[in-house]
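**Student:** Submitted below is the structure of interest, expressed as structure tokens.
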Amino acid sequence: MKKKIVNLSKHFSLRRLTLDAHALDRGIANTPEGLQLENLHALCTEVLEPLQRHVGHPTIIAAFRCRELNAFYGSDDTSPYLQGRAVDLFIPNAEIARKYLTVLATLPCKTETFQGKIHVILMNGNG
């Protein structure tokens, strides 16, 4: 039976923000609850949707991580991934990076840029 798609916002589904190859390979149920879901909804509506409107659909590399998956990646219990406040976006080139960063600078988040990705953390989430 297919899993029901739950939309966190107009363009972003819960499945997309919880999909993780390591979780699938290890049988980890990467399922957010309560405040984590509220934060994921806020991340989508306050950051990802505005980015989508101004730049186009961003490619998500990573987002929510449950406690077990978070530990697998070596992160502690204060990780914004565990709280549902973080997302990593693929940046294929410098032009796209500039466009993303220009829009993200106007949104309630902080960013870090790494080779090939932008790490985004929602600032006003629950954690």
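Ordered as shown in the structure tokens, chains take letters A, B, and onward, while each chain numbers its residues from 1 and ligands are numbered from 1 in the order shown.
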Which residues in chain A does DSSP call strand (DSSP E or B)? List them as a list of chain:residue names.
**Tutor:**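 Strand (DSSP E or B) members of chain A, listed: A:Asn7, A:Ser13, A:Ile60, A:Ile61, A:Ala62, A:Ala86, A:Val87, A:Asp88, A:Leu89, A:Phe90, A:Cys109, A:Lys110, A:Thr111, A:Glu112, A:Thr113, A:Phe114, A:Lys117, A:Ile118, A:His119, A:Val120, A:Ile121, A:Leu122.
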**Student:** Can you tell me, as a list in words, what residues are no more than 8 Å from Leu43 in chain A when counting only C-alpha atoms, ignoring any on the same chain fewer than 4 positions away?
**Tutor:**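 Skipping anything fewer than 4 positions along the chain leaves Asn39, Val47, Leu48, Gly84, Arg85, Ala86, Leu122 and Gly125 of chain A.
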**Student:** Calculate how many Å separate CA of Thr106 in chain A from CA of Gly34 in chain A, rounding to one decimal.
**Tutor:**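 Calculated distance between CA of Thr106 in chain A and CA of Gly34 in chain A is 27.5 Å.
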**Student:** By how many Å are CA of His41 in chain A and CA of Arg26 in chain A apart?
**Tutor:**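 Going from CA of His41 in chain A over to CA of Arg26 in chain A, I get 26.1 Å.
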**Student:** Considering only C-alpha atoms, return as a list in words whatever protein or nucleic-acid residues lie within 12 Å of Asn70 in chain A, sequence-local ones (same chain, fewer than 5 positions apart) excluded.
**Tutor:**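 Selected residues are Thr18, Asp20, His22, Ala23, Ile28, Ala29, Asn30, Thr31, Ala62, Ala63, Phe64, Arg65, Ser75, Asp76, Asp77, Thr78, Ser79, Pro80, Tyr81, Leu82, Gln83 and Gly84 of chain A.
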**Student:** Can those selected residues be exported to a file as a PDB file, in the first residue's frame so that it contains C-alpha atoms?
**Tutor:**
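Heads up, here's the output in selection-v8.pdb:
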ATOM      1  CA  THR A  18      12.155  13.193   5.689  1.00  0.00           C
ATOM      2  CA  ASP A  20      17.063   9.859   3.666  1.00  0.00           C
ATOM      3  CA  HIS A  22      20.769   5.997   5.188  1.00  0.00           C
ATOM      4  CA  ALA A  23      17.438   5.752   7.024  1.00  0.00           C
ATOM      5  CA  ILE A  28      15.120   3.729  10.454  1.00  0.00           C
ATOM      6  CA  ALA A  29      11.661   5.321  10.688  1.00  0.00           C
ATOM      7  CA  ASN A  30      12.574   8.967  10.118  1.00  0.00           C
ATOM      8  CA  THR A  31       9.239  10.287  11.404  1.00  0.00           C
ATOM      9  CA  ALA A  62      18.769  16.714   3.524  1.00  0.00           C
ATOM     10  CA  ALA A  63      16.277  17.969   6.067  1.00  0.00           C
ATOM     11  CA  PHE A  64      14.646  16.319   9.117  1.00  0.00           C
ATOM     12  CA  ARG A  65      16.519  13.624  11.045  1.00  0.00           C
ATOM     13  CA  SER A  75      25.061  15.110  15.593  1.00  0.00           C
ATOM     14  CA  ASP A  76      23.919  15.798  19.150  1.00  0.00           C
ATOM     15  CA  ASP A  77      20.443  16.419  20.556  1.00  0.00           C
ATOM     16  CA  THR A  78      20.666  20.169  19.886  1.00  0.00           C
ATOM     17  CA  SER A  79      20.880  19.650  16.120  1.00  0.00           C
ATOM     18  CA  PRO A  80      18.445  21.781  14.110  1.00  0.00           C
ATOM     19  CA  TYR A  81      17.914  18.730  11.855  1.00  0.00           C
ATOM     20  CA  LEU A  82      16.419  16.877  14.845  1.00  0.00           C
ATOM     21  CA  GLN A  83      14.225  19.880  15.624  1.00  0.00           C
ATOM     22  CA  GLY A  84      12.941  20.103  12.029  1.00  0.00           C
TER      23      GLY A  84
END
**Student:** Assign secondary structure with DSSP using the backbone only, and return the residues of range 82-125 of chain A in alpha helix (DSSP H) as an MDAnalysis selection string.
**Tutor:** chainID A and resid 82:83 94:104
**Student:** Mind writing the picked residues with N, CA and C atoms as a JSON list (two decimals), in the first residue's frame?
**Tutor:**
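Ended up saving to selection.json:
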[["chain", "number", "residue", "atom", "x", "y", "z"],
["A", 82, "LEU", "N", 17.28, 17.62, 13.93],
["A", 82, "LEU", "CA", 16.42, 16.88, 14.85],
["A", 82, "LEU", "C", 15.19, 17.70, 15.22],
["A", 83, "GLN", "N", 15.33, 18.99, 15.27],
["A", 83, "GLN", "CA", 14.22, 19.88, 15.62],
["A", 83, "GLN", "C", 13.30, 20.17, 14.44],
["A", 94, "ALA", "N", 27.66, 28.87, -9.14],
["A", 94, "ALA", "CA", 27.78, 30.12, -8.39],
["A", 94, "ALA", "C", 26.60, 31.06, -8.63],
["A", 95, "GLU", "N", 26.06, 31.06, -9.82],
["A", 95, "GLU", "CA", 24.92, 31.93, -10.12],
["A", 95, "GLU", "C", 23.70, 31.55, -9.28],
["A", 96, "ILE", "N", 23.41, 30.27, -9.20],
["A", 96, "ILE", "CA", 22.29, 29.80, -8.38],
["A", 96, "ILE", "C", 22.56, 30.09, -6.91],
["A", 97, "ALA", "N", 23.78, 29.89, -6.47],
["A", 97, "ALA", "CA", 24.14, 30.19, -5.08],
["A", 97, "ALA", "C", 23.86, 31.65, -4.77],
["A", 98, "ARG", "N", 24.27, 32.56, -5.65],
["A", 98, "ARG", "CA", 24.02, 34.00, -5.43],
["A", 98, "ARG", "C", 22.52, 34.28, -5.36],
["A", 99, "LYS", "N", 21.74, 33.69, -6.26],
["A", 99, "LYS", "CA", 20.29, 33.91, -6.25],
["A", 99, "LYS", "C", 19.67, 33.40, -4.95],
["A", 100, "TYR", "N", 20.02, 32.17, -4.55],
["A", 100, "TYR", "CA", 19.49, 31.62, -3.30],
["A", 100, "TYR", "C", 19.86, 32.50, -2.12],
["A", 101, "LEU", "N", 21.14, 32.85, -2.01],
["A", 101, "LEU", "CA", 21.60, 33.63, -0.86],
["A", 101, "LEU", "C", 20.96, 35.01, -0.80],
["A", 102, "THR", "N", 20.70, 35.61, -1.95],
["A", 102, "THR", "CA", 20.04, 36.91, -2.00],
["A", 102, "THR", "C", 18.64, 36.82, -1.41],
["A", 103, "VAL", "N", 17.90, 35.80, -1.79],
["A", 103, "VAL", "CA", 16.54, 35.61, -1.25],
["A", 103, "VAL", "C", 16.59, 35.19, 0.21],
["A", 104, "LEU", "N", 17.44, 34.23, 0.53],
["A", 104, "LEU", "CA", 17.52, 33.74, 1.91],
["A", 104, "LEU", "C", 17.90, 34.84, 2.90]]
**Student:** For Pro58 in chain A, which residue among A:Met123, A:Leu8, A:Leu14, A:Leu89 is the nearest when counting only C-alpha atoms?
**Tutor:**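 Among A:Met123, A:Leu8, A:Leu14, A:Leu89, it is A:Leu89 that comes nearest to Pro58 in chain A.
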**Student:** Name all residues at most 12 Å from His57 in chain A (count only C-alpha atoms; drop same-chain ones fewer than 2 positions away) and give them as a PyMOL selection string.
**Tutor:** chain A and resi 10-12+44+47-55+59-60+89-91+96+100
**Student:** Would you write out those residues with N, CA and C atoms, as a PDB file, in the first residue's frame?
**Tutor:**
ATOM      1  N   LYS A  10       2.420  24.251   0.024  1.00  0.00           N
ATOM      2  CA  LYS A  10       1.927  24.060  -1.344  1.00  0.00           C
ATOM      3  C   LYS A  10       2.841  23.165  -2.187  1.00  0.00           C
ATOM      4  N   HIS A  11       4.157  23.345  -2.085  1.00  0.00           N
ATOM      5  CA  HIS A  11       5.100  22.641  -2.949  1.00  0.00           C
ATOM      6  C   HIS A  11       5.991  21.619  -2.248  1.00  0.00           C
ATOM      7  N   PHE A  12       5.879  21.467  -0.933  1.00  0.00           N
ATOM      8  CA  PHE A  12       6.811  20.609  -0.200  1.00  0.00           C
ATOM      9  C   PHE A  12       6.077  19.586   0.662  1.00  0.00           C
ATOM     10  N   CYS A  44       9.016  25.187   5.678  1.00  0.00           N
ATOM     11  CA  CYS A  44       8.473  25.186   4.316  1.00  0.00           C
ATOM     12  C   CYS A  44       7.780  26.498   3.978  1.00  0.00           C
ATOM     13  N   VAL A  47      10.478  29.727   4.572  1.00  0.00           N
ATOM     14  CA  VAL A  47      11.767  29.732   3.879  1.00  0.00           C
ATOM     15  C   VAL A  47      11.680  29.098   2.483  1.00  0.00           C
ATOM     16  N   LEU A  48      11.247  27.848   2.431  1.00  0.00           N
ATOM     17  CA  LEU A  48      11.279  27.141   1.140  1.00  0.00           C
ATOM     18  C   LEU A  48      10.270  27.678   0.126  1.00  0.00           C
ATOM     19  N   GLU A  49       9.060  28.008   0.557  1.00  0.00           N
ATOM     20  CA  GLU A  49       8.067  28.549  -0.383  1.00  0.00           C
ATOM     21  C   GLU A  49       8.501  29.907  -0.952  1.00  0.00           C
ATOM     22  N   PRO A  50       8.975  30.849  -0.121  1.00  0.00           N
ATOM     23  CA  PRO A  50       9.464  32.107  -0.697  1.00  0.00           C
ATOM     24  C   PRO A  50      10.645  31.886  -1.662  1.00  0.00           C
ATOM     25  N   LEU A  51      11.517  30.967  -1.321  1.00  0.00           N
ATOM     26  CA  LEU A  51      12.636  30.651  -2.210  1.00  0.00           C
ATOM     27  C   LEU A  51      12.103  30.106  -3.534  1.00  0.00           C
ATOM     28  N   GLN A  52      11.126  29.229  -3.461  1.00  0.00           N
ATOM     29  CA  GLN A  52      10.490  28.662  -4.662  1.00  0.00           C
ATOM     30  C   GLN A  52       9.895  29.776  -5.526  1.00  0.00           C
ATOM     31  N   ARG A  53       9.197  30.723  -4.896  1.00  0.00           N
ATOM     32  CA  ARG A  53       8.559  31.819  -5.639  1.00  0.00           C
ATOM     33  C   ARG A  53       9.576  32.686  -6.375  1.00  0.00           C
ATOM     34  N   HIS A  54      10.708  32.942  -5.750  1.00  0.00           N
ATOM     35  CA  HIS A  54      11.672  33.890  -6.309  1.00  0.00           C
ATOM     36  C   HIS A  54      12.733  33.258  -7.201  1.00  0.00           C
ATOM     37  N   VAL A  55      13.082  32.014  -6.956  1.00  0.00           N
ATOM     38  CA  VAL A  55      14.219  31.410  -7.665  1.00  0.00           C
ATOM     39  C   VAL A  55      13.832  30.145  -8.435  1.00  0.00           C
ATOM     40  N   THR A  59      16.466  22.105  -4.852  1.00  0.00           N
ATOM     41  CA  THR A  59      16.714  20.679  -4.688  1.00  0.00           C
ATOM     42  C   THR A  59      17.185  20.435  -3.261  1.00  0.00           C
ATOM     43  N   ILE A  60      16.396  19.665  -2.527  1.00  0.00           N
ATOM     44  CA  ILE A  60      16.696  19.371  -1.121  1.00  0.00           C
ATOM     45  C   ILE A  60      17.631  18.171  -1.045  1.00  0.00           C
ATOM     46  N   LEU A  89      20.395  22.564   0.806  1.00  0.00           N
ATOM     47  CA  LEU A  89      19.969  22.740  -0.580  1.00  0.00           C
ATOM     48  C   LEU A  89      21.149  22.578  -1.524  1.00  0.00           C
ATOM     49  N   PHE A  90      20.939  21.855  -2.588  1.00  0.00           N
ATOM     50  CA  PHE A  90      21.956  21.663  -3.621  1.00  0.00           C
ATOM     51  C   PHE A  90      22.114  22.947  -4.413  1.00  0.00           C
ATOM     52  N   ILE A  91      23.372  23.356  -4.626  1.00  0.00           N
ATOM     53  CA  ILE A  91      23.635  24.509  -5.479  1.00  0.00           C
ATOM     54  C   ILE A  91      24.560  24.067  -6.615  1.00  0.00           C
ATOM     55  N   ILE A  96      23.409  30.269  -9.202  1.00  0.00           N
ATOM     56  CA  ILE A  96      22.286  29.804  -8.381  1.00  0.00           C
ATOM     57  C   ILE A  96      22.563  30.090  -6.907  1.00  0.00           C
ATOM     58  N   TYR A 100      20.019  32.173  -4.546  1.00  0.00           N
ATOM     59  CA  TYR A 100      19.494  31.616  -3.301  1.00  0.00           C
ATOM     60  C   TYR A 100      19.857  32.501  -2.115  1.00  0.00           C
TER      61      TYR A 100
END
**Student:** When you draw a straight line from CA of Thr111 in chain A to CA of Asp25 in chain A, how long is it in Å?
**Tutor:**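 Computing the Euclidean distance for CA of Thr111 in chain A and CA of Asp25 in chain A yields 29.1 Å.
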